[in-house]
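Okay, structure first, notes after.
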Amino acid sequence: MSTTIQARTTYRALLRELPRRHLSNPSPLHQQLRAIFRSTPSTSSLQPENSNALPFSIPRTDEGRTLRIQEADQFAQYARAQRVYCELLERYNPGMTMDEEEKIRLTARRVGFDLPELHVPEGKE
């Protein structure tokens, strides 16, 4: 696979794992990723105008660029694995994020009971 195609694929994989944002208002992470992947080996020897804004170094050789793309691909795979792991945790442990009262109410309903509604004083609402 050519470096350009691999870079494009990796860039898209990273964007898929990041939280959704509007194109008109990209996050700083989106902007940095775009700057990294837009750089080409011929222009990477030039320093960016605002080099203080970019906390990374753009590789100057094709080998360095290939290594950077591989690292980004590994990070995209890791981010995807973490997302899937969180989805599986939520699917197989549905009560994980519930408070204690909600767990008790659902347990009672599971065995056929409905808990009575608790009286809440008027000033406590």
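Letters A, B, ... go to the chains of the structure tokens in the order shown; residues in each chain start at 1; ligands are counted from 1 in the same order.
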### Query
What's the 12 Å shell around Gln77 in chain A, counting only C-alpha atoms, without same-chain residues fewer than 5 positions away, as a VMD selection string?
chain A and resid 9 to 17 70 to 72 82 to 84
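Across the model, the gap from CA of Gln74 in chain A to CA of Thr3 in chain A is 15.4 Å.
Ranking A:Arg60, A:Arg80, A:Arg21, A:Arg8 by their shortest atom-to-atom distance to Arg38 in chain A, with only C-alpha atoms included, puts A:Arg8 first.
Atom to atom, CA of Asp99 in chain A and CA of His119 in chain A stand 19.0 Å apart.
Residue nearest Pro19 in chain A, chosen from A:Thr66, A:Gln32, A:Ala79, A:Leu106 and counting only C-alpha atoms: A:Ala79.
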### Task
May I ask for the distance between CA of Arg34 in chain A and CA of Ala7 in chain A, given in Å to one decimal place?
11.0 Å
### Query
Could you pull out all residues of chain A with a DSSP call of helix (DSSP H, G or I) and give them as a PyMOL selection string?
chain A and resi 3-17+28-38+62-92+94-97+100-110+122-124
